[in-house]
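Engineer: Sharing start-v3.txt, compact mmCIF, C-alpha atoms:
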```txt
# COMPACT_ATOMS: atom_id res chain seq x y z
CA MET A 1 -18.07 -12.26 84.47
CA ASN A 2 -17.40 -15.88 83.55
CA LYS A 3 -14.33 -17.27 81.79
CA VAL A 4 -16.01 -17.51 78.37
CA GLU A 5 -16.89 -13.82 78.38
CA LEU A 6 -13.36 -12.90 79.48
CA ARG A 7 -11.84 -14.94 76.61
CA ARG A 8 -14.18 -13.28 74.08
CA LEU A 9 -13.28 -9.79 75.24
CA GLY A 10 -9.59 -10.62 75.22
CA ASN A 11 -9.57 -11.83 71.61
CA PRO A 12 -10.14 -8.97 69.09
CA LEU A 13 -11.03 -11.40 66.32
CA ASN A 14 -13.90 -12.59 68.40
CA ASN A 15 -14.91 -9.05 69.10
CA GLU A 16 -17.49 -7.68 66.66
CA HIS A 17 -15.76 -4.30 66.49
CA GLY A 18 -12.40 -5.90 65.82
CA ALA A 19 -13.79 -8.15 63.09
CA VAL A 20 -15.34 -5.20 61.31
CA ALA A 21 -12.06 -3.29 61.47
CA ALA A 22 -10.14 -6.23 60.04
CA MET A 23 -12.64 -6.77 57.25
CA THR A 24 -12.61 -3.06 56.44
CA ALA A 25 -8.83 -3.06 56.15
CA ILE A 26 -8.89 -6.06 53.83
CA PHE A 27 -11.63 -4.49 51.73
CA LEU A 28 -9.68 -1.24 51.41
CA VAL A 29 -6.62 -3.11 50.18
CA VAL A 30 -8.70 -4.98 47.60
CA LEU A 31 -10.47 -1.76 46.58
CA LEU A 32 -7.15 0.02 46.18
CA ALA A 33 -5.81 -2.82 44.06
CA VAL A 34 -8.90 -2.74 41.84
CA ALA A 35 -8.65 1.04 41.53
CA ALA A 36 -4.97 0.72 40.66
CA ALA A 37 -5.76 -1.82 38.00
CA ALA A 38 -8.56 0.28 36.54
CA ILE A 39 -6.61 3.53 36.48
CA ASP A 40 -3.16 2.25 35.52
CA ILE A 41 -4.31 -0.34 33.00
CA GLY A 42 -6.62 2.23 31.45
CA HIS A 43 -3.74 4.70 31.28
CA ALA A 44 -1.53 2.08 29.62
CA LEU A 45 -4.23 1.24 27.06
CA VAL A 46 -4.60 4.91 26.13
CA ALA A 47 -0.83 5.13 25.70
CA LYS A 48 -0.84 1.99 23.56
CA ASN A 49 -3.46 3.55 21.27
CA GLU A 50 -1.31 6.66 21.00
CA LEU A 51 1.68 4.50 20.13
CA GLN A 52 -0.38 2.74 17.46
CA ASN A 53 -1.29 6.08 15.89
CA THR A 54 2.39 7.03 15.99
CA ALA A 55 3.51 3.76 14.39
CA ASP A 56 0.84 4.10 11.69
CA ALA A 57 1.85 7.64 10.79
CA ALA A 58 5.57 6.84 10.88
CA ALA A 59 5.21 3.72 8.68
CA LEU A 60 3.20 5.69 6.12
CA ALA A 61 5.78 8.51 6.13
CA GLY A 62 8.69 6.12 5.67
CA THR A 63 7.00 4.20 2.84
CA ARG A 64 5.99 7.44 1.13
CA ALA A 65 9.64 8.56 1.27
CA LEU A 66 10.54 5.27 -0.43
CA GLY A 67 7.82 5.91 -3.02
CA VAL A 68 9.27 9.33 -3.85
CA ILE A 69 12.61 7.65 -4.49
CA TYR A 70 10.95 5.31 -7.01
CA GLU A 71 9.19 8.23 -8.68
CA GLY A 72 12.59 9.64 -9.61
CA MET A 73 13.58 6.49 -11.53
CA THR A 74 12.87 5.14 -14.96
CA PRO A 75 11.03 1.79 -15.11
CA ALA A 76 14.32 0.10 -16.01
CA GLN A 77 15.97 1.58 -12.90
CA GLN A 78 13.04 0.52 -10.75
CA GLN A 79 13.42 -3.06 -11.91
CA THR A 80 17.01 -3.31 -10.68
CA TYR A 81 16.84 -0.98 -7.67
CA THR A 82 18.80 -1.90 -4.56
CA LEU A 83 18.31 0.18 -1.43
CA THR A 84 21.36 2.36 -0.85
CA SER A 85 22.61 3.54 2.53
CA GLY A 86 21.65 7.09 1.57
CA ASP A 87 18.11 6.09 0.63
CA GLN A 88 17.81 4.06 3.81
CA ALA A 89 18.83 7.13 5.80
CA THR A 90 16.13 9.14 4.01
CA VAL A 91 13.45 6.60 4.94
CA VAL A 92 14.65 6.35 8.54
CA ALA A 93 14.65 10.14 8.88
CA ALA A 94 11.07 10.35 7.57
CA VAL A 95 9.95 7.73 10.10
CA GLN A 96 11.72 9.36 13.04
CA THR A 97 10.64 12.91 12.18
CA THR A 98 7.00 11.84 11.99
CA ALA A 99 7.19 9.75 15.15
CA VAL A 100 8.70 12.46 17.34
CA ALA A 101 5.89 14.82 16.28
CA ASN A 102 3.54 12.42 18.11
CA SER A 103 3.44 11.50 21.78
CA ALA A 104 2.26 8.72 24.07
CA ALA A 105 1.39 9.43 27.70
CA GLY A 106 2.85 12.92 27.26
CA VAL A 107 6.23 11.86 25.88
CA PRO A 108 7.32 12.60 22.25
CA ILE A 109 8.13 9.25 20.67
CA THR A 110 11.62 8.44 19.47
CA VAL A 111 11.82 5.41 17.17
CA ASN A 112 15.11 3.52 17.25
CA ALA A 113 16.72 2.88 13.87
CA SER A 114 16.71 -0.82 14.81
CA ASP A 115 12.91 -0.64 15.07
CA ILE A 116 12.54 0.36 11.40
CA ALA A 117 12.47 -2.48 8.87
CA ILE A 118 12.48 -1.80 5.12
CA GLY A 119 11.46 -4.67 2.85
CA THR A 120 8.49 -6.37 1.22
CA TRP A 121 5.03 -7.36 2.43
CA ASN A 122 3.30 -10.61 1.47
CA PRO A 123 -0.49 -10.05 1.63
CA THR A 124 -1.18 -13.79 1.60
CA THR A 125 1.05 -14.79 4.51
CA ARG A 126 0.86 -11.32 6.08
CA LEU A 127 4.60 -11.37 6.65
CA HIS A 128 7.09 -8.54 6.26
CA THR A 129 10.52 -9.57 4.96
CA PRO A 130 13.44 -7.14 5.25
CA THR A 131 15.32 -6.80 1.96
CA VAL A 132 17.32 -4.23 0.00
CA ASN A 133 16.14 -5.62 -3.37
CA GLN A 134 13.28 -3.47 -4.70
CA PRO A 135 11.78 -2.86 -1.22
CA LYS A 136 8.28 -1.42 -1.07
CA ALA A 137 7.10 -1.68 2.54
CA VAL A 138 8.24 -0.19 5.84
CA ARG A 139 7.52 -1.67 9.26
CA VAL A 140 7.82 0.45 12.41
CA TRP A 141 7.78 -0.40 16.11
CA ALA A 142 6.85 2.43 18.49
CA ARG A 143 7.71 1.75 22.12
CA ARG A 144 7.54 3.00 25.65
CA ASP A 145 9.83 0.60 27.42
CA SER A 146 13.41 0.37 28.63
CA SER A 147 14.75 0.44 25.06
CA ALA A 148 12.98 3.61 23.91
CA ASN A 149 11.17 6.49 25.62
CA GLY A 150 11.02 4.74 29.01
CA PRO A 151 8.16 2.69 30.48
CA ILE A 152 5.00 4.39 31.73
CA SER A 153 4.95 5.12 35.46
CA THR A 154 1.92 3.87 37.37
CA PHE A 155 -0.27 5.94 39.69
CA LEU A 156 -1.57 3.47 42.26
CA ALA A 157 -0.23 0.08 41.26
CA GLY A 158 2.95 0.76 43.21
CA VAL A 159 1.17 -0.40 46.34
CA VAL A 160 1.21 -3.91 44.89
CA GLY A 161 4.78 -3.60 43.58
CA LEU A 162 4.07 -2.48 39.99
CA THR A 163 5.79 0.86 39.48
CA SER A 164 5.84 0.97 35.65
CA VAL A 165 4.31 -0.61 32.55
CA SER A 166 5.92 -1.24 29.14
CA VAL A 167 3.75 -0.86 26.03
CA GLY A 168 4.38 -0.91 22.28
CA ALA A 169 2.74 -1.00 18.87
CA VAL A 170 3.73 -2.05 15.35
CA ALA A 171 2.53 -0.92 11.92
CA THR A 172 3.44 -1.76 8.33
CA ALA A 173 2.72 0.37 5.27
CA ASP A 174 3.03 -0.99 1.74
CA MET A 175 2.89 0.29 -1.82
CA THR A 176 0.01 -1.77 -3.19
CA ALA A 177 -1.34 -2.25 -6.71
CA VAL A 178 -2.72 0.84 -8.42
CA GLY A 179 -6.42 1.37 -7.75
CA GLN A 180 -6.98 4.65 -9.58
CA THR A 181 -5.37 6.70 -12.35
CA ALA A 182 -5.16 10.42 -12.87
CA PRO A 183 -6.00 12.17 -16.16
CA GLY A 184 -3.26 11.61 -18.71
CA GLN A 185 -1.70 8.56 -17.04
CA LEU A 186 -3.00 5.93 -19.47
CA ASP A 187 -0.58 6.19 -22.37
CA VAL A 188 -2.26 4.37 -25.26
CA PRO A 189 -5.77 3.50 -26.49
CA PHE A 190 -5.54 -0.24 -25.93
CA GLY A 191 -5.74 -2.59 -22.97
CA ILE A 192 -5.13 -6.17 -21.83
CA SER A 193 -7.78 -8.80 -21.13
CA THR A 194 -7.97 -10.42 -17.71
CA TYR A 195 -7.81 -13.74 -19.56
CA TYR A 196 -4.22 -12.98 -20.54
CA PHE A 197 -3.21 -13.07 -16.89
CA THR A 198 -4.64 -16.56 -16.44
CA GLN A 199 -1.99 -17.81 -18.89
CA PHE A 200 0.82 -15.27 -18.73
CA GLY A 201 2.14 -12.45 -16.58
CA CYS A 202 5.32 -10.65 -15.57
CA GLY A 203 8.03 -10.79 -18.20
CA ASP A 204 5.89 -12.48 -20.84
CA ALA A 205 5.30 -11.25 -24.37
CA ILE A 206 1.99 -9.81 -25.56
CA LYS A 207 0.73 -8.72 -28.96
CA PHE A 208 -1.33 -5.54 -28.95
CA TYR A 209 -2.03 -6.11 -32.64
CA PRO A 210 -3.20 -8.18 -34.34
CA ASN A 211 -5.50 -10.00 -31.93
CA ASP A 212 -5.62 -13.45 -33.52
CA GLY A 213 -7.59 -15.02 -30.66
CA THR A 214 -4.60 -16.69 -29.02
CA PRO A 215 -3.91 -16.12 -25.30
CA GLN A 216 -0.73 -14.19 -26.01
CA ALA A 217 -2.75 -11.69 -28.06
CA CYS A 218 -5.48 -11.06 -25.45
CA SER A 219 -5.71 -7.32 -26.01
CA ALA A 220 -7.97 -4.79 -27.68
CA TRP A 221 -8.20 -1.20 -28.87
CA HIS A 222 -10.59 1.32 -27.38
CA THR A 223 -11.42 5.01 -27.53
CA PHE A 224 -11.44 5.52 -23.74
CA ASP A 225 -14.79 7.17 -22.94
CA LEU A 226 -15.29 8.72 -26.40
CA SER A 227 -17.99 7.77 -28.90
CA PRO A 228 -18.28 6.66 -31.58
CA ALA A 229 -15.69 3.93 -31.00
CA ASN A 230 -14.20 3.75 -34.49
CA ALA A 231 -10.91 4.15 -36.33
CA ASN A 232 -11.57 7.81 -37.06
CA THR A 233 -11.97 8.72 -33.36
CA LEU A 234 -8.98 6.56 -32.54
CA ARG A 235 -6.76 8.08 -35.19
CA ASN A 236 -7.67 11.74 -35.36
CA THR A 237 -8.88 12.58 -31.87
CA ILE A 238 -6.92 10.30 -29.57
CA ILE A 239 -3.59 9.32 -31.14
CA ASN A 240 -3.00 12.63 -32.91
CA GLY A 241 -4.23 14.46 -29.81
CA MET A 242 -1.77 12.57 -27.59
CA LEU A 243 1.00 13.50 -29.99
CA ASN A 244 0.23 17.20 -30.25
CA GLY A 245 -1.07 17.70 -26.70
CA THR A 246 -4.74 18.31 -27.50
CA TYR A 247 -6.00 15.05 -25.96
CA GLN A 248 -5.53 13.69 -22.45
CA SER A 249 -6.73 10.26 -21.42
CA PRO A 250 -9.38 10.42 -18.68
CA GLY A 251 -8.80 9.55 -15.05
CA THR A 252 -10.20 6.10 -14.25
CA THR A 253 -11.08 3.74 -11.44
CA PRO A 254 -11.92 0.03 -11.60
CA GLY A 255 -15.53 -0.29 -12.66
CA ASP A 256 -15.34 2.50 -15.24
CA THR A 257 -16.08 1.37 -18.78
CA LEU A 258 -14.07 1.82 -21.96
CA ASN A 259 -15.49 1.79 -25.48
CA PHE A 260 -13.78 -1.05 -27.37
CA ILE A 261 -13.42 -1.40 -31.12
CA ASN A 262 -13.88 -4.80 -32.73
CA GLY A 263 -12.82 -3.86 -36.22
CA ASN A 264 -9.97 -2.98 -38.52
CA VAL A 265 -7.83 -0.17 -37.10
CA ALA A 266 -5.00 -0.50 -39.63
CA SER A 267 -5.66 3.06 -40.80
CA ALA A 268 -4.46 4.31 -37.39
CA PHE A 269 -1.02 2.72 -37.69
CA PRO A 270 0.76 5.65 -39.38
CA ASN A 271 -0.43 7.88 -36.54
CA LEU A 272 0.56 5.32 -33.89
CA ILE A 273 4.01 4.95 -35.43
CA ASN A 274 4.48 8.71 -35.12
CA LEU A 275 3.47 8.52 -31.45
CA TYR A 276 5.78 5.55 -30.88
CA ASN A 277 8.71 7.35 -32.50
CA ALA A 278 8.08 10.38 -30.31
CA ARG A 279 7.87 8.37 -27.07
CA LYS A 280 10.42 5.54 -27.48
CA ASP A 281 13.83 5.64 -25.83
CA ALA A 282 17.23 5.16 -27.46
CA ASN A 283 16.76 1.39 -27.36
CA GLY A 284 13.45 1.55 -29.19
CA ASN A 285 11.41 0.81 -26.03
CA TRP A 286 8.19 2.59 -25.11
CA ASP A 287 6.86 1.85 -21.62
CA VAL A 288 3.09 2.24 -21.50
CA PHE A 289 0.57 2.17 -18.66
CA VAL A 290 -2.63 0.43 -19.78
CA PRO A 291 -5.98 -0.67 -18.34
CA VAL A 292 -6.89 -4.31 -17.76
CA TYR A 293 -10.45 -5.06 -18.87
CA GLN A 294 -12.79 -7.83 -17.78
CA SER A 295 -13.05 -10.66 -20.31
CA ASP A 296 -13.10 -14.45 -20.06
CA THR A 297 -11.87 -14.93 -23.62
CA CYS A 298 -9.42 -13.51 -26.13
CA THR A 299 -12.13 -12.62 -28.62
CA PRO A 300 -11.75 -8.92 -29.50
CA PRO A 301 -14.53 -7.09 -27.65
CA ASN A 302 -16.95 -4.64 -29.19
CA GLY A 303 -18.64 -2.00 -27.06
CA PRO A 304 -18.25 -0.98 -23.41
CA LEU A 305 -16.37 -3.20 -20.96
CA PRO A 306 -15.33 -2.46 -17.36
CA ILE A 307 -11.80 -1.78 -16.17
CA VAL A 308 -10.70 -4.10 -13.36
CA GLY A 309 -7.07 -3.03 -12.93
CA TYR A 310 -3.91 -1.77 -14.61
CA ALA A 311 -0.69 -3.13 -16.09
CA GLU A 312 2.59 -1.87 -17.51
CA ALA A 313 4.05 -3.05 -20.79
CA ARG A 314 7.18 -2.27 -22.80
CA ILE A 315 6.41 -1.88 -26.49
CA THR A 316 9.45 -3.00 -28.45
CA ASN A 317 8.18 -3.02 -32.02
CA VAL A 318 5.52 -1.18 -34.02
CA GLN A 319 5.27 -2.08 -37.70
CA GLY A 320 2.93 -0.55 -40.23
CA SER A 321 1.87 -1.85 -43.61
CA PRO A 322 1.91 -4.63 -44.63
CA ASN A 323 2.47 -6.37 -41.24
CA HIS A 324 0.53 -4.10 -38.86
CA LEU A 325 2.21 -5.51 -35.75
CA ILE A 326 2.66 -4.27 -32.18
CA THR A 327 4.70 -6.43 -29.79
CA ALA A 328 5.44 -5.78 -26.14
CA THR A 329 6.49 -7.36 -22.84
CA VAL A 330 4.49 -7.15 -19.62
CA LEU A 331 6.62 -5.56 -16.91
CA CYS A 332 6.74 -6.53 -13.23
CA ASN A 333 6.58 -4.35 -10.12
CA ILE A 334 6.58 -0.95 -11.77
CA PHE A 335 5.99 2.03 -9.46
CA GLU A 336 3.55 4.60 -10.80
CA GLY A 337 3.33 8.04 -9.19
CA ASN A 338 0.22 10.20 -8.83
CA THR A 339 -2.01 7.18 -8.20
CA THR A 340 -3.72 5.56 -5.25
CA GLY A 341 -3.32 1.92 -4.22
CA GLY A 342 -5.65 -0.85 -3.20
CA GLY A 343 -6.30 -2.30 -6.64
CA PRO A 344 -5.92 -5.90 -7.86
CA PRO A 345 -2.39 -6.84 -8.92
CA TYR A 346 -1.85 -7.33 -12.66
CA GLY A 347 1.91 -7.29 -13.06
CA PRO A 348 1.61 -5.53 -10.73
CA VAL A 349 1.79 -1.79 -11.22
CA LEU A 350 2.29 -0.31 -7.75
CA SER A 351 1.18 3.03 -6.38
CA THR A 352 3.86 5.14 -4.69
CA ILE A 353 1.23 6.43 -2.25
CA PRO A 354 1.20 3.75 0.47
CA GLY A 355 -1.54 2.28 2.59
CA LEU A 356 -1.50 0.55 5.95
CA VAL A 357 -1.52 -3.25 5.73
CA GLU A 358 -0.72 -4.05 9.38
```
Please express what this file holds, its structure, as structure tokens.
Structural biologist:
Amino acid sequence: MNKVELRRLGNPLNNEHGAVAAMTAIFLVVLLAVAAAAIDIGHALVAKNELQNTADAAALAGTRALGVIYEGMTPAQQQTYTLTSGDQATVVAAVQTTAVANSAAGVPITVNASDIAIGTWNPTTRLHTPTVNQPKAVRVWARRDSSANGPISTFLAGVVGLTSVSVGAVATADMTAVGQTAPGQLDVPFGISTYYFTQFGCGDAIKFYPNDGTPQACSAWHTFDLSPANANTLRNTIINGMLNGTYQSPGTTPGDTLNFINGNVASAFPNLINLYNARKDANGNWDVFVPVYQSDTCTPPNGPLPIVGYAEARITNVQGSPNHLITATVLCNIFEGNTTGGGPPYGPVLSTIPGLVE
């Protein structure tokens, strides 16, 4: 045996069997690392999805609790509402109770109070701002990390030094503009033109009668879905029926049509005054929930027109003969119960049933 053969046999890296063994060992390490990545990353992604579901449910529960608080207020109280410590505790409890009923990677999820933010949501900038002044959105972080619920242990990644993974998810729920009304929620047989909101809005005056063609009088009378659309239907069926309980306005969604009256409805004023006197508060205010109809002008419409949204107004004066005058103020950020959200904002009137926005 010559020297070259002796050197080859003495060096395992030059030995075919030794090279195969070394390559096999390297391949097994790589394979194990890939398997660790596949299994442990997949496990973490599943947990993250579970955390997202938890955050979604908890944010909706917290915002709904806030909505219930608004439902117990008058519109005037809603306008000046500041979140109290007691109400904050109610919202936090709703979030945490819902969260702990869910789990991620087998662990019931506890949400820290510091991971619950109550405030407002800007749909344009998509930013949540914590505030105690008329809050309407709740943001929730659900975690599995060192600060809450512990990180997720790995199965195989420990061989490369990764023994745990931290994951989290965030969700925001908001009370958005009303997108649907229930039967009986629309209070009066008149509405506001979309053109009004190109010139005016929250806190501005509006005349529900007479419509003299000016932007501040962009409104009209209707008979909801009843025909014929005339003063007799308006007076005897609708207004008197609202007063004595025999008529209920229909439930509506944007796209539904209302039958508008382009004519003299002065004969309905005595009936409307009776309804106003029955509904007004001690200060002479009557807060009404009304449809917004599609129109590019202030010309009083005649016939069917579609609803595109809803607004809230405070009627402050109803005068009969000889003036025949109805004056009101458009209200801002009123919370209306028993509705769904997702509609266009005119005012806006907000649903107390929240939806996810983040």
Engineer: Between CA of Ile118 (chain A) and CA of Glu50 (chain A), what is the distance in Å, rounded to a tenth?
Structural biologist: 22.7 Å
Engineer: Extract, using all atoms listed in the file, all DNA, RNA and protein residues at most 6 Å from region 348-355 of chain A, discarding same-chain residues fewer than 5 positions from it, and format them as a list in words.
Structural biologist: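 Non-adjacent residues within range: Arg64, Gly67, Ala173, Asp174, Met175, Thr176, Ala177, Val178, Ala311, Cys332, Asn333, Ile334, Phe335, Glu336, Gly337, Thr339, Thr340 and Gly341 of chain A.
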Engineer: With C-alpha atoms retained, export the selected residues as a tab-separated table (two decimals), in the coordinates of the input.
Structural biologist:
```
chain	number	residue	atom	x	y	z
A	64	ARG	CA	5.99	7.44	1.13
A	67	GLY	CA	7.82	5.91	-3.02
A	173	ALA	CA	2.72	0.37	5.27
A	174	ASP	CA	3.03	-0.99	1.74
A	175	MET	CA	2.89	0.29	-1.82
A	176	THR	CA	0.01	-1.77	-3.19
A	177	ALA	CA	-1.34	-2.25	-6.71
A	178	VAL	CA	-2.72	0.84	-8.42
A	311	ALA	CA	-0.69	-3.13	-16.09
A	332	CYS	CA	6.74	-6.53	-13.23
A	333	ASN	CA	6.58	-4.35	-10.12
A	334	ILE	CA	6.58	-0.95	-11.77
A	335	PHE	CA	5.99	2.03	-9.46
A	336	GLU	CA	3.55	4.60	-10.80
A	337	GLY	CA	3.33	8.04	-9.19
A	339	THR	CA	-2.01	7.18	-8.20
A	340	THR	CA	-3.72	5.56	-5.25
A	341	GLY	CA	-3.32	1.92	-4.22
```
Engineer: Take CA of Leu275 (chain A) and CA of Ser295 (chain A) and report the distance between them in Å, one decimal.
Structural biologist: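 Going from CA of Leu275 (chain A) over to CA of Ser295 (chain A) covers 27.7 Å.
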Engineer: Under the rule that all atoms listed in the file are counted, which of A:Pro151, A:Pro189, A:Gly343, A:Pro322 is the nearest residue to Pro270 (chain A)?
Structural biologist: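 Of all the options, A:Pro322 lies closest to Pro270 (chain A).
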Engineer: Just want the 12 Å neighbourhood of Gly168 (chain A), counted on only C-alpha atoms, with same-chain residues fewer than 6 positions away dropped. Output as a list of chain:residue names.
Structural biologist: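 With the cut-off at 12 Å, the set is A:Ala44, A:Leu45, A:Val46, A:Ala47, A:Lys48, A:Asn49, A:Glu50, A:Leu51, A:Gln52, A:Asn53, A:Thr54, A:Ala55, A:Ala104, A:Ile109, A:Val111, A:Asp115, A:Val140, A:Trp141, A:Ala142, A:Arg143, A:Arg144, A:Asp145, A:Ser146, A:Ser147, A:Ala148, A:Asn149, A:Gly150, A:Pro151, A:Ile152.
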Engineer: At a cut-off of 9 Å, using all atoms listed in the file, what residues contact region 249-260 of chain A? Leave out same-chain residues fewer than 6 positions from it and give the result as a count of residues only.
Structural biologist: 39
